[in-house]
Structure formats: C-alpha cells, structure tokens
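Have a look at protein.txt below; it lists compact mmCIF, C-alpha atoms and all ligand atoms.
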# COMPACT_ATOMS: atom_id res chain seq x y z
CA MET A 18 14.04 31.28 -0.67
CA ALA A 19 14.21 33.91 -3.42
CA LEU A 20 14.51 37.64 -4.05
CA PHE A 21 11.94 39.30 -6.31
CA ALA A 22 11.34 42.84 -7.55
CA MET A 23 8.47 44.74 -9.10
CA GLY A 24 7.61 48.43 -9.24
CA ASP A 25 4.72 50.74 -9.97
CA LEU A 26 1.66 48.99 -8.60
CA HIS A 27 -0.20 52.35 -8.82
CA LEU A 28 -2.97 51.26 -6.46
CA SER A 29 -6.05 53.31 -5.66
CA PHE A 30 -8.19 51.49 -3.09
CA THR A 31 -9.16 54.84 -1.55
CA VAL A 32 -8.89 57.51 -4.26
CA HIS A 33 -10.64 57.06 -7.59
CA LYS A 34 -8.05 56.53 -10.32
CA PRO A 35 -8.83 53.83 -12.89
CA MET A 36 -5.62 52.69 -14.53
CA ASP A 37 -7.06 51.28 -17.76
CA VAL A 38 -6.97 54.81 -19.23
CA PHE A 39 -3.24 54.08 -19.58
CA GLY A 40 -3.87 51.04 -21.80
CA GLN A 41 -5.73 47.75 -21.91
CA GLU A 42 -2.90 45.94 -20.12
CA TRP A 43 -3.86 47.85 -16.95
CA ARG A 44 -7.39 46.43 -16.90
CA ASN A 45 -7.95 44.61 -13.58
CA HIS A 46 -4.24 45.03 -12.88
CA VAL A 47 -4.68 44.69 -9.10
CA LYS A 48 -6.26 41.26 -9.56
CA LYS A 49 -3.34 40.27 -11.81
CA VAL A 50 -0.79 41.51 -9.26
CA GLU A 51 -2.47 39.51 -6.49
CA LYS A 52 -2.83 36.37 -8.60
CA TYR A 53 0.77 36.26 -9.88
CA TRP A 54 2.31 37.43 -6.59
CA LYS A 55 0.56 34.65 -4.67
CA ARG A 56 1.54 32.14 -7.33
CA LYS A 57 5.25 33.05 -7.28
CA VAL A 58 6.16 34.47 -3.87
CA ARG A 59 6.39 32.40 -0.69
CA ARG A 60 6.43 33.51 2.92
CA GLU A 61 10.19 33.12 3.22
CA ASP A 62 10.90 35.20 0.06
CA THR A 63 11.80 38.89 -0.18
CA VAL A 64 10.22 41.34 -2.63
CA VAL A 65 11.67 44.78 -3.31
CA LEU A 66 9.00 47.17 -4.57
CA THR A 67 10.56 49.99 -6.56
CA GLY A 68 8.11 52.83 -5.92
CA ASP A 69 4.81 54.33 -7.16
CA TYR A 70 2.52 52.40 -4.82
CA SER A 71 -0.49 54.62 -4.62
CA TRP A 72 -2.38 57.53 -6.14
CA GLY A 73 -3.20 58.75 -2.62
CA ARG A 74 -1.83 62.20 -1.78
CA ASN A 75 -1.14 61.51 1.88
CA LEU A 76 -0.75 58.58 4.24
CA GLU A 77 -4.45 58.47 5.01
CA GLU A 78 -5.30 58.07 1.31
CA CYS A 79 -2.56 55.45 0.89
CA ARG A 80 -3.26 53.31 3.95
CA ALA A 81 -5.50 50.77 2.18
CA ASP A 82 -2.99 50.46 -0.68
CA LEU A 83 -0.12 49.83 1.76
CA GLU A 84 -2.30 47.35 3.66
CA PHE A 85 -2.90 45.44 0.42
CA ILE A 86 0.88 45.22 -0.12
CA ALA A 87 1.45 44.22 3.51
CA SER A 88 -1.12 41.42 3.17
CA LEU A 89 0.77 39.73 0.30
CA PRO A 90 3.24 36.91 1.04
CA GLY A 91 6.94 37.57 1.69
CA ARG A 92 9.07 40.27 3.27
CA LYS A 93 8.33 43.56 1.50
CA ILE A 94 11.02 46.23 1.07
CA LEU A 95 9.80 49.54 -0.36
CA LEU A 96 11.68 52.23 -2.28
CA ARG A 97 10.31 55.75 -2.94
CA GLY A 98 8.83 56.57 -6.36
CA ASN A 99 7.89 59.96 -7.79
CA HIS A 100 4.20 59.44 -6.95
CA ASP A 101 4.70 58.49 -3.32
CA MET A 102 3.46 61.69 -1.66
CA PHE A 103 2.81 59.86 1.62
CA TRP A 104 6.53 59.31 2.10
CA ASP A 105 8.56 62.26 3.34
CA ALA A 106 12.15 61.12 2.71
CA LYS A 107 13.26 62.82 5.94
CA LYS A 108 10.70 60.85 7.97
CA THR A 109 11.42 57.34 6.73
CA GLU A 110 12.11 56.16 10.29
CA LYS A 111 8.53 57.06 11.24
CA LEU A 112 7.17 54.85 8.46
CA ASN A 113 9.43 52.03 9.58
CA GLU A 114 8.14 52.43 13.15
CA LEU A 115 4.54 52.57 11.95
CA TYR A 116 4.72 49.41 9.83
CA GLY A 117 7.10 47.50 12.13
CA ASP A 118 7.96 44.13 10.64
CA ARG A 119 5.20 44.32 7.98
CA LEU A 120 6.80 46.77 5.52
CA PHE A 121 10.42 47.95 5.34
CA PHE A 122 11.15 51.38 3.86
CA LEU A 123 14.50 51.75 2.07
CA GLN A 124 15.96 55.27 2.27
CA ASN A 125 19.40 56.23 3.60
CA ASN A 126 19.68 52.67 4.93
CA PHE A 127 19.96 49.16 3.51
CA TYR A 128 18.45 45.73 3.94
CA THR A 129 19.97 42.34 3.35
CA TYR A 130 19.27 39.20 1.41
CA LYS A 131 21.70 36.43 2.35
CA ASP A 132 25.17 37.96 1.87
CA TYR A 133 23.87 40.77 -0.37
CA ALA A 134 23.16 44.32 0.73
CA LEU A 135 20.06 45.74 -0.94
CA VAL A 136 20.75 49.44 -1.42
CA GLY A 137 18.99 52.20 -3.30
CA THR A 138 17.14 55.45 -3.66
CA LYS A 139 14.56 57.00 -5.98
CA GLY A 140 17.18 58.27 -8.44
CA TYR A 141 16.38 60.76 -11.18
CA CYS A 142 16.64 61.14 -14.94
CA TYR A 143 15.93 64.06 -17.22
CA GLU A 144 12.48 63.87 -18.81
CA GLY A 145 12.20 67.46 -19.98
CA LYS A 146 9.62 68.29 -17.31
CA ASP A 147 11.79 70.70 -15.33
CA SER A 148 14.72 73.04 -15.92
CA PHE A 149 18.09 71.39 -16.27
CA SER A 150 19.38 73.15 -13.15
CA HIS A 151 16.43 71.81 -11.11
CA PHE A 152 17.08 68.33 -12.52
CA GLU A 153 20.75 68.57 -11.46
CA LYS A 154 19.75 69.64 -7.95
CA ILE A 155 17.35 66.70 -7.47
CA ARG A 156 19.82 64.27 -9.01
CA GLU A 157 22.56 65.43 -6.61
CA ARG A 158 20.24 64.95 -3.63
CA GLU A 159 19.40 61.44 -4.81
CA MET A 160 23.09 60.69 -5.37
CA ALA A 161 23.84 61.72 -1.78
CA ARG A 162 21.12 59.35 -0.54
CA LEU A 163 22.47 56.52 -2.67
CA ARG A 164 25.98 57.03 -1.26
CA VAL A 165 24.60 56.94 2.30
CA SER A 166 22.88 53.64 1.50
CA PHE A 167 26.03 52.08 -0.03
CA GLU A 168 28.27 53.38 2.75
CA ALA A 169 25.97 52.07 5.48
CA ALA A 170 26.11 48.62 3.87
CA ARG A 171 29.88 48.80 3.40
CA ALA A 172 30.42 49.90 7.01
CA ALA A 173 28.42 46.86 8.11
CA GLY A 174 30.86 44.64 6.18
CA TYR A 175 28.78 43.86 3.08
CA MET A 176 30.72 43.46 -0.15
CA LYS A 177 27.99 42.26 -2.52
CA TYR A 178 25.35 44.76 -3.61
CA ILE A 179 22.12 44.90 -5.54
CA MET A 180 21.14 48.47 -6.31
CA PHE A 181 17.54 49.62 -6.69
CA LEU A 182 16.25 52.83 -8.26
CA HIS A 183 12.78 54.03 -9.11
CA TYR A 184 13.86 56.11 -12.11
CA PRO A 185 15.90 54.57 -14.93
CA PRO A 186 19.65 54.87 -14.23
CA THR A 187 20.27 57.01 -17.34
CA SER A 188 18.35 59.72 -19.18
CA ILE A 189 17.34 58.85 -22.74
CA GLY A 190 20.43 58.70 -24.99
CA GLU A 191 22.98 58.68 -22.17
CA MET A 192 25.61 55.94 -22.19
CA LYS A 193 26.47 56.53 -18.51
CA SER A 194 25.35 58.60 -15.55
CA CYS A 195 26.40 59.28 -11.98
CA PHE A 196 24.12 56.38 -10.98
CA THR A 197 25.73 53.85 -13.34
CA GLU A 198 29.21 55.10 -12.33
CA THR A 199 28.32 54.68 -8.66
CA ALA A 200 27.03 51.14 -9.29
CA GLU A 201 30.35 50.36 -11.02
CA LYS A 202 32.43 52.02 -8.30
CA TYR A 203 30.87 49.92 -5.53
CA GLY A 204 30.76 46.77 -7.68
CA ALA A 205 26.97 46.31 -7.67
CA GLU A 206 26.03 43.07 -9.42
CA LYS A 207 22.65 44.28 -10.59
CA VAL A 208 20.77 47.55 -10.98
CA ILE A 209 16.98 47.20 -10.83
CA TYR A 210 14.65 50.08 -11.78
CA SER A 211 11.09 50.77 -12.89
CA HIS A 212 9.05 53.97 -13.65
CA CYS A 213 8.93 53.34 -17.44
CA HIS A 214 5.39 52.56 -18.59
CA GLY A 215 4.16 51.53 -22.01
CA ARG A 216 6.02 49.87 -24.85
CA ALA A 217 7.44 53.19 -26.07
CA ARG A 218 9.29 53.70 -22.76
CA TYR A 219 10.63 50.19 -22.08
CA HIS A 220 13.93 50.93 -23.84
CA ASP A 221 14.55 54.35 -22.29
CA SER A 222 17.60 53.04 -20.41
CA PHE A 223 19.88 50.02 -20.02
CA LEU A 224 18.54 46.47 -20.28
CA GLY A 225 20.89 43.50 -19.88
CA GLU A 226 24.59 43.61 -19.18
CA VAL A 227 26.56 46.86 -19.37
CA ASN A 228 30.13 47.05 -18.03
CA GLY A 229 29.65 43.84 -16.04
CA ILE A 230 26.41 44.93 -14.35
CA GLU A 231 23.02 43.44 -15.12
CA TYR A 232 20.31 46.09 -15.62
CA ARG A 233 16.66 45.10 -15.27
CA LEU A 234 13.43 47.00 -15.76
CA VAL A 235 10.71 45.84 -13.36
CA SER A 236 7.80 48.25 -13.89
CA SER A 237 4.65 46.21 -13.36
CA ASP A 238 3.24 46.59 -16.88
CA TYR A 239 6.60 45.58 -18.42
CA LEU A 240 6.49 42.43 -16.23
CA ARG A 241 2.81 41.90 -17.05
CA PHE A 242 2.27 42.18 -13.30
CA LYS A 243 4.38 39.12 -12.41
CA PRO A 244 7.10 39.75 -9.78
CA ASP A 245 10.53 39.27 -11.37
CA MET A 246 12.91 36.80 -9.73
CA ILE A 247 16.25 38.50 -9.11
CA LEU A 248 18.03 35.83 -7.05
CA LYS A 249 17.15 32.26 -6.22
CA GLU A 250 18.52 30.66 -3.05
FE FE B 301 4.90 54.59 -12.27
FE FE B 302 7.35 56.73 -11.50

Can the structure from this file be put into structure tokens for me?
Amino acid sequence: MALFAMGDLHLSFTVHKPMDVFGQEWRNHVKKVEKYWKRKVRREDTVVLTGDYSWGRNLEECRADLEFIASLPGRKILLRGNHDMFWDAKKTEKLNELYGDRLFFLQNNFYTYKDYALVGTKGYCYEGKDSFSHFEKIREREMARLRVSFEAARAAGYMKYIMFLHYPPTSIGEMKSCFTETAEKYGAEKVIYSHCHGRARYHDSFLGEVNGIEYRLVSSDYLRFKPDMILKE
C-alpha cells in the first residue's frame, strides 16, 4: 500500500490540443502516463492528482479525460488546478456525487491515508499575469479554503497532515508565504505541488526540506510522467 502524487496530466481526449508544442518531452505523454502509472500503482494504492487534468472547457469536454483517470489503478483524489474549468469550487459535492467511489474531489474537505489527513486547495502565487490586488484577493480565497480543509481534518482528530497545492507554495523569490506558514502552523510533514512546466520553471519554489517540511514538485513533465511515491506502507 502506498501514496503517490502527480499533477498536470493536461489530457485532451475530446478537444484538440496537442501537447508536444510545449516540448519534445510531451510527445505521446498520455501513453507514458498510462505505462508508468500501471507499472507503479496497485489497486490498493492512493494517488493524489494535483490539478490541470483537461483542456476541456466544461464537464462535457472533460468527461473522456476524467474517465481515463478513473480507469487507472488505485484510489484517485483530485485537487483543482487553474485549467480545470469543469470544476466549480462551490459545486464540489456534485462532482463527488457524480463520480461516487471512482474519483474523489478535494476541496473544503479532506481524505485520509492511514493516519494522515490529506488536505489542500489550488493555492496561488504571483506570476505577473494579474494586478497585485487581484492576486491578493484570489490568494485569500484559497487560504480560506485551505484552512477549512485543515480544520475539518483536525476536528476529525487527525494530527498528521500532508498538504497539496496546485500552484507552488511561494511566488518566485519569496522565502515564505501564507501557504508555507500555514503548513508550519498545522505541522504538515510534506507540501506537494505542481503547475511548473519546463526546466526553467522547476526551481520556481521550494524543493526539499525547509523549516522541517519536505517540499516536492510533482508536475508530470518534471516527473517524466511517473507517479511520485510520497509514502510507502
Ligand atoms: Fe499545468
Ligand atoms: Fe497549472
């Protein structure tokens, strides 16, 4: 039994969006995902997917992509990414009802792996694409969602946490953020994130241990499309 993570599958079974325009490593990336996932992940394992599943703009255009994920081995827990237009954060319960025990959507709630609570939200970092005041507003909303997730787990008696984000926990150049401070406050053991694509972005945020917390980047191209083992047994 093991816990894995990987983000940013960027599937497009329905809409036309070839990924190799983003670099040679993306050539046949879906085949690589399927091959390595089936090689590493067993039925009894859990995989947390950290967002950016599909190029589809609504649930209808994402259905085949979500079905592909559902068909892979293991229990799949999904976190929202910035490209996941099919997922209205306020209607997460509807997605959980729709996919029953096939896919589990993590938003304002938590899941468990052994005695760990798996908590998280999309997060946000400043990438210069919006005004700073807009960035602060989105970040505050994401912080509120992260607190709800942690508090739900704490209220249920969990004391060990693994925290998942889609965005890196810090903006480029920052040595801390409200997300890293929250991870420290609750005593998260690990912070797992993705979103960063291409060699030039892999060092945008923390990698390795910082203030007693292990930070890991799990965007699919960084992992060369192999799910990353987070916990074993
Ligand atoms: Fe992505
Ligand atoms: Fe992203």

- Query: Got a sec: who's within 12 Å of A:Thr67, counting only C-alpha atoms, leaving out chain neighbours fewer than 2 positions off, as a PyMOL selection string?
  - Reply: chain A and resi 21-27+64-65+69-70+93-101+122-124+135-140+180-185+208-213+233-237+244-245

- Task: Could you tell me how far atom CA of A:Leu240 lies from atom CA of A:Arg216, in Å and to one decimal?
- Result: 11.4 Å

- Query: Which of these residues is nearest to ligand FE 302 (chain B), using only C-alpha atoms and all ligand atoms: A:Phe223, A:Tyr141, A:Tyr175, A:Tyr239?
  - Reply: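 Closest to ligand FE 302 (chain B) of all the choices is A:Tyr141.
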
- Task: With a distance cut-off of 10 Å and only C-alpha atoms, select the neighbouring residues of stretch 198-203 of chain A, excluding the residue or stretch itself and same-chain residues fewer than 6 positions from it, and output the selection as a PyMOL selection string.
- Result: chain A and resi 160+163-164+167-168+171+176-181+186+227-230

C-alpha atoms of the current selection, written as a compact mmCIF listing (two decimals), in the frame of the given file:
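Below is the file result_25.txt, written as the result:
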# COMPACT_ATOMS: atom_id res chain seq x y z
CA MET A 160 23.09 60.69 -5.37
CA LEU A 163 22.47 56.52 -2.67
CA ARG A 164 25.98 57.03 -1.26
CA PHE A 167 26.03 52.08 -0.03
CA GLU A 168 28.27 53.38 2.75
CA ARG A 171 29.88 48.80 3.40
CA MET A 176 30.72 43.46 -0.15
CA LYS A 177 27.99 42.26 -2.52
CA TYR A 178 25.35 44.76 -3.61
CA ILE A 179 22.12 44.90 -5.54
CA MET A 180 21.14 48.47 -6.31
CA PHE A 181 17.54 49.62 -6.69
CA PRO A 186 19.65 54.87 -14.23
CA VAL A 227 26.56 46.86 -19.37
CA ASN A 228 30.13 47.05 -18.03
CA GLY A 229 29.65 43.84 -16.04
CA ILE A 230 26.41 44.93 -14.35

Within 12 Å of (18.0, 41.6, 7.0), only C-alpha atoms: residues as a PDB file with C-alpha atoms, keeping the file's coordinate frame?
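This went into point_19.pdb:
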ATOM      1  CA  ASP A  62      10.900  35.200   0.060  1.00  0.00           C
ATOM      2  CA  THR A  63      11.800  38.890  -0.180  1.00  0.00           C
ATOM      3  CA  ARG A  92       9.070  40.270   3.270  1.00  0.00           C
ATOM      4  CA  LYS A  93       8.330  43.560   1.500  1.00  0.00           C
ATOM      5  CA  ILE A  94      11.020  46.230   1.070  1.00  0.00           C
ATOM      6  CA  ASP A 118       7.960  44.130  10.640  1.00  0.00           C
ATOM      7  CA  PHE A 121      10.420  47.950   5.340  1.00  0.00           C
ATOM      8  CA  LEU A 123      14.500  51.750   2.070  1.00  0.00           C
ATOM      9  CA  ASN A 126      19.680  52.670   4.930  1.00  0.00           C
ATOM     10  CA  PHE A 127      19.960  49.160   3.510  1.00  0.00           C
ATOM     11  CA  TYR A 128      18.450  45.730   3.940  1.00  0.00           C
ATOM     12  CA  THR A 129      19.970  42.340   3.350  1.00  0.00           C
ATOM     13  CA  TYR A 130      19.270  39.200   1.410  1.00  0.00           C
ATOM     14  CA  LYS A 131      21.700  36.430   2.350  1.00  0.00           C
ATOM     15  CA  ASP A 132      25.170  37.960   1.870  1.00  0.00           C
ATOM     16  CA  TYR A 133      23.870  40.770  -0.370  1.00  0.00           C
ATOM     17  CA  ALA A 134      23.160  44.320   0.730  1.00  0.00           C
ATOM     18  CA  LEU A 135      20.060  45.740  -0.940  1.00  0.00           C
ATOM     19  CA  VAL A 136      20.750  49.440  -1.420  1.00  0.00           C
ATOM     20  CA  ALA A 170      26.110  48.620   3.870  1.00  0.00           C
ATOM     21  CA  ALA A 173      28.420  46.860   8.110  1.00  0.00           C
ATOM     22  CA  TYR A 175      28.780  43.860   3.080  1.00  0.00           C
TER      23      TYR A 175
END

- Query: So how far away is atom CA of A:Ala205 from atom CA of A:Ala161, in Å?
  - Reply: 16.8 Å

- Item | Nearest to ligand FE 301 (chain B) by atom-to-atom distance, counting all atoms listed in the file, from A:Arg241, A:His220, A:His214, A:Lys111 |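 Smallest distance to ligand FE 301 (chain B) is found for A:His214.
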
- Can you list, as a VMD selection string, every protein, DNA or RNA residue that comes within 10 Å of A:His46 when you count all atoms listed in the file, leaving out same-chain residues fewer than 4 positions away? chain A and resid 26 to 28 35 to 37 41 to 42 50 to 52 237 to 238 241 to 242
